[in-house]
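> One structure is given below, represented as C-alpha cells, and several questions about it will come after.
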Amino acid sequence: MKHLLASLLLIVFTATLSAQNYKIDTTVNETWTNNAWQLTSRTINTYNSACQLVSTLSQARVGANWVNQSLNSYTYTSGDNISQTTLQSWNTVSNTWENTFRITNTYNASLKVTVTLSETWNGSAWGNTSRETNIYDANGYLTSSTSEMYQGGLWINQSREIYTNNADGTVNQQVEQEWDIATSAWINETRNAFVYNANKLVQQSVTETWTGTAWENETRKTFTYDAQGRQLTSLSESWEENAWINESLITSTYNGSGQLTTILFQNWNTGTSSWSNFLQSTYSYNANGSLFQTVTQVVPQGSTTLTNAQRSTFHYTTDCILPLTLLNFSAELSGKDVLVKWTTTEEINTSYFTIESSSDANNFKKIGTVKATNDFAQTNYQFTDANPAGLASGKIFYRIRMVDIDGKFSYSKIAYVGMPIDENGFAIFPTAVKDNLFLRYKSTSTAKAGIRILDISGRQVYNQQMNLQQSANQYNINVTALPKGVYFIQLVMKEGTKTARFIKN
C-alpha cells in the first residue's frame, strides 16, 4: 500500500509541476499523524543564472532538525538538455557528501538522447552499471530502446522496446522484449497499441501479453479530454473471461482558470457494481497562479471516508519566476524560409520573445523579436526566418528567449532544422564529414529504399535498408569508422538511384 501510494503521489506531483511556470525553491512535505500535520521531509532546489536546475537537496525531519539525506546535481549541454545527473548521499559520520550514482546522456545532432549510461561509485572511481541505447528513424522518431547490464567487463542484453510510428510521429505500437541468455534471442513480453483523437492525444491504449504463440489482451485504458485538451478521465480495465472488466478510474477537475483542482482515484467494486473512492489529491494556488499546496487523502481499509494522508507546500525562488508556460516549440522548413512556431499559456507579466538561431547549437544570435500578448489563455505565435544563411551549409538550430516585464528570462528547448532538399528532392550534409553524415530525400509516396556507400574503387562499404515516408525523410549515418578518402553515397529506389559524393576527413 505504501509503495502504491508513493507511486500515485509521484504521478500526481509530476503531472502538476510539468505545467508550472514558476521555479520551486523549497517543497515541504508533511504526513497526517495523531490528527495533526507533522513535518517529514523537504527538498531544496538551486538554479544557475539561466534558471536551470543545478541541484536538489533532500532532507528528512528528525526531531526539531532537518537532516541531509541525498543531493542530486545536474550539468547541461549548450541548451536545456541535461548531460549528467549525479546522486550523492550524506555520510552522517564524516558529515560529508559521498558519490553514489550518476547518469550521463549522449545526444545526436538532432539533440535526441542516443545513450543513457548509468554508473555507480565504488569508493574511488565510477564503474559501469547499465546503459540504454536509443535508435531513431530518418524522421527522428524513436524506433527502439535497448537496455543492457554491465557484467564481467561485458555489456549483456536485458530488455528492449520496439516502436512503430504513425506518419505524424505518434507511436502506433510498442513491443517490450526480454533477452533470453539460453537461446541468445529476444522473447516477446508485452505489446501496447495506441489510438489517438483528432488532437493527437491518446484516446485508448491496449496492453497484451505474449503466451509463447500469440498475443492475449491484458489491460486497456481509455481517456477523455475537454475542449482545451486537458485530461478528464482515465478508465483502466482488465481482460477477464473474454470481456473487459472495470478496474480503476481517475477523474480530474479544473477551476475556471483551467488549473487542476482535484484528482480522484477510484476502484471498481464488483460486489456493488459501483466505483469506490481510493485516493484523492486536491490543489490550491497562490494569487499569481503558482501552485501553493497539494493535499492527498486516502480511504483506510474498512472505511469509506477519505482521510488526510500527506501534504506538500511549495515555495518559489524570486530569481527565477518564469513569465509563462511553454506548451510546445518547433521549427520547420517553409520553402526557402524557416517557420518558427510556439504555443504558450498562463502568460503573466510577459513582455516579449527573442528568436535566436545557431549553426552549431552553441553560439546563438538574435534574429528577431515578437511582442507577447500577455494572455493567460492558450496563445499561438510564429516567426519567419526569411531565407536563413545557415541552411546553405546544412543544419540550423533555433531557440526563443522568453522575457518578462522585469527583464527576467528563460530559454526554450532547442529546435533543429536539417539541410534543404535540392530541386531533385535529394541532398546530403556535410560534403566533407568526420563523423555523422545526413541524407535527406523528399519522397512523393511511401516506399522501400536502400542506402549504400561506395569507395573510390566502387567497393561497397555500407548498406542499409529504410522505409521512405511520403514527406521529407532524413537519415543519419555514422561514418567514423571509414578510412579517409572520397566516397559515393547512393539512395537506391524502385524508380532509380540518387548519387552524391562526399569526402571522409
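Every chain in the C-alpha cells takes a letter, A first, then B, and so on in the order presented; its residues are numbered from 1, and the ligands are numbered from 1 following the presented order.
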Which parts of region 45-242 of chain A does DSSP call strand (DSSP E or B) when run on the backbone here, written out as number ranges by chain?

A: 45-47, 53-62, 65-76, 82-91, 96-107, 113-121, 126-136, 142-151, 154-165, 171-180, 185-196, 202-210, 215-225, 231-240

> Find the residues around region 399-412 of chain A up to 6 Å (only C-alpha atoms counted), leave out those fewer than 6 positions away in its own chain, and share them as a list of chain:residue names.

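Contacts, with the query itself left out: A:Pro323, A:Asn349, A:Thr350, A:Ser351, A:Tyr352, A:Phe353, A:Thr354, A:Ile355, A:Glu356.
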
> Using only C-alpha atoms, find the one residue out of A:Glu148, A:Glu241, A:Glu495, A:Glu218 that sits nearest to Lys448 (chain A).

A:Glu495

> As a PyMOL selection string, please: the residues near Gly63 (chain A) (cut-off 12 Å, only C-alpha atoms, same-chain neighbours under 5 positions excluded).

chain A and resi 38-41

> Filtering to all heavy atoms, could you give me those residues as a CSV table (one decimal), in the first residue's frame?


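Produced file out_14.csv, reproduced below:
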chain,number,residue,atom,x,y,z
A,38,GLN,N,2.4,16.6,10.6
A,38,GLN,CA,3.8,16.5,11.1
A,38,GLN,C,4.8,16.6,10.0
A,38,GLN,O,4.7,15.9,9.0
A,38,GLN,CB,3.9,15.2,11.9
A,38,GLN,CG,2.9,15.0,13.0
A,38,GLN,CD,3.1,15.9,14.2
A,38,GLN,OE1,4.2,16.4,14.4
A,38,GLN,NE2,2.0,16.2,14.9
A,39,LEU,N,5.8,17.5,10.2
A,39,LEU,CA,6.9,17.6,9.2
A,39,LEU,C,7.6,16.2,9.0
A,39,LEU,O,7.9,15.6,10.0
A,39,LEU,CB,7.9,18.7,9.6
A,39,LEU,CG,7.4,20.1,9.6
A,39,LEU,CD1,8.4,21.0,10.3
A,39,LEU,CD2,7.1,20.6,8.2
A,40,THR,N,7.9,15.9,7.7
A,40,THR,CA,8.6,14.6,7.4
A,40,THR,C,9.8,14.8,6.6
A,40,THR,O,10.8,14.2,6.8
A,40,THR,CB,7.6,13.6,6.8
A,40,THR,OG1,7.1,14.2,5.6
A,40,THR,CG2,6.5,13.2,7.7
A,41,SER,N,9.7,15.6,5.5
A,41,SER,CA,10.8,15.8,4.6
A,41,SER,C,10.7,17.1,3.8
A,41,SER,O,9.6,17.7,3.8
A,41,SER,CB,10.9,14.6,3.6
A,41,SER,OG,9.8,14.6,2.8

> Ala243 (chain A): which residues within 12 Å, counting only C-alpha atoms, same-chain residues fewer than 6 positions away excluded, as a list in words?

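So, after excluding close chain neighbours, the residues are Glu216, Asn217, Glu218, Thr219, Arg220 and Glu237 of chain A.
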
> Grab the CA of Glu119 (chain A) to CA of Asn29 (chain A) distance for me, in Å with one decimal place.

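So the answer is 29.8 Å.
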
> As an exercise, work out the distance from CA of Glu240 (chain A) to CA of Thr213 (chain A) in Å and give it to one decimal place.

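Computing the Euclidean distance for CA of Glu240 (chain A) and CA of Thr213 (chain A) yields 19.3 Å.
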
> Write out, as CSV, each residue of region 237-260 of chain A that has an atom at most 12 Å from region 368-377 of chain A, together with the closest pair of atoms and their distance in Å to one decimal, counting only C-alpha atoms, rows going by chain and rising number.


residue,atom,partner,partner_atom,distance
A:Gly256,CA,A:Ala377,CA,11.2
A:Ser257,CA,A:Phe376,CA,8.2
A:Gly258,CA,A:Ala377,CA,8.7
A:Gln259,CA,A:Phe376,CA,11.1

> Would you save the residues from that selection as a compact mmCIF listing (two decimals), in the first residue's frame, using N, CA and C atoms?


# COMPACT_ATOMS: atom_id res chain seq x y z
N GLY A 256 -12.09 27.63 -13.02
CA GLY A 256 -12.41 28.49 -14.16
C GLY A 256 -11.20 29.01 -14.89
N SER A 257 -10.03 28.98 -14.26
CA SER A 257 -8.79 29.42 -14.92
C SER A 257 -8.07 28.28 -15.61
N GLY A 258 -8.69 27.09 -15.58
CA GLY A 258 -8.08 25.94 -16.24
C GLY A 258 -7.04 25.24 -15.39
N GLN A 259 -6.96 25.56 -14.11
CA GLN A 259 -5.99 24.93 -13.22
C GLN A 259 -6.59 23.66 -12.61

> Sorted by chain and rising residue number, list the residues of region 129-242 of chain A at most 10 Å from region 89-111 of chain A (counting only C-alpha atoms), each with its closest atom pair and distance in Å to one decimal, as CSV.


residue,atom,partner,partner_atom,distance
A:Thr129,CA,A:Phe101,CA,9.4
A:Ser130,CA,A:Ile103,CA,9.5
A:Arg131,CA,A:Ile103,CA,9.0
A:Glu132,CA,A:Asn105,CA,9.5
A:Thr133,CA,A:Thr106,CA,9.5
A:Asn134,CA,A:Tyr107,CA,10.0
A:Tyr136,CA,A:Asn108,CA,9.9
A:Gly140,CA,A:Ser110,CA,7.7

> Got time to write the residues from that selection, N, CA, C and O atoms, as a short mmCIF file (atom, residue, chain, number, x, y, z; two decimals), in the first residue's frame?


data_model
loop_
_atom_site.label_atom_id
_atom_site.label_comp_id
_atom_site.auth_asym_id
_atom_site.auth_seq_id
_atom_site.Cartn_x
_atom_site.Cartn_y
_atom_site.Cartn_z
N THR A 129 27.30 0.40 -14.81
CA THR A 129 26.23 -0.41 -14.23
C THR A 129 25.24 -0.86 -15.31
O THR A 129 24.98 -2.05 -15.46
N SER A 130 24.71 0.09 -16.05
CA SER A 130 23.76 -0.22 -17.10
C SER A 130 23.76 0.90 -18.13
O SER A 130 24.30 1.98 -17.89
N ARG A 131 23.16 0.62 -19.27
CA ARG A 131 23.02 1.66 -20.30
C ARG A 131 21.80 1.37 -21.15
O ARG A 131 21.35 0.23 -21.26
N GLU A 132 21.27 2.47 -21.70
CA GLU A 132 20.11 2.37 -22.58
C GLU A 132 20.44 3.06 -23.89
O GLU A 132 20.88 4.21 -23.89
N THR A 133 20.27 2.37 -25.00
CA THR A 133 20.62 2.89 -26.31
C THR A 133 19.36 3.07 -27.15
O THR A 133 18.57 2.13 -27.30
N ASN A 134 19.18 4.29 -27.66
CA ASN A 134 18.00 4.61 -28.46
C ASN A 134 18.37 4.73 -29.94
O ASN A 134 19.43 5.28 -30.27
N TYR A 136 16.77 5.96 -33.78
CA TYR A 136 15.71 6.77 -34.41
C TYR A 136 15.70 6.52 -35.91
O TYR A 136 16.73 6.16 -36.50
N GLY A 140 13.46 11.07 -37.33
CA GLY A 140 13.78 11.41 -35.95
C GLY A 140 12.87 10.75 -34.94
O GLY A 140 12.91 11.09 -33.75
#
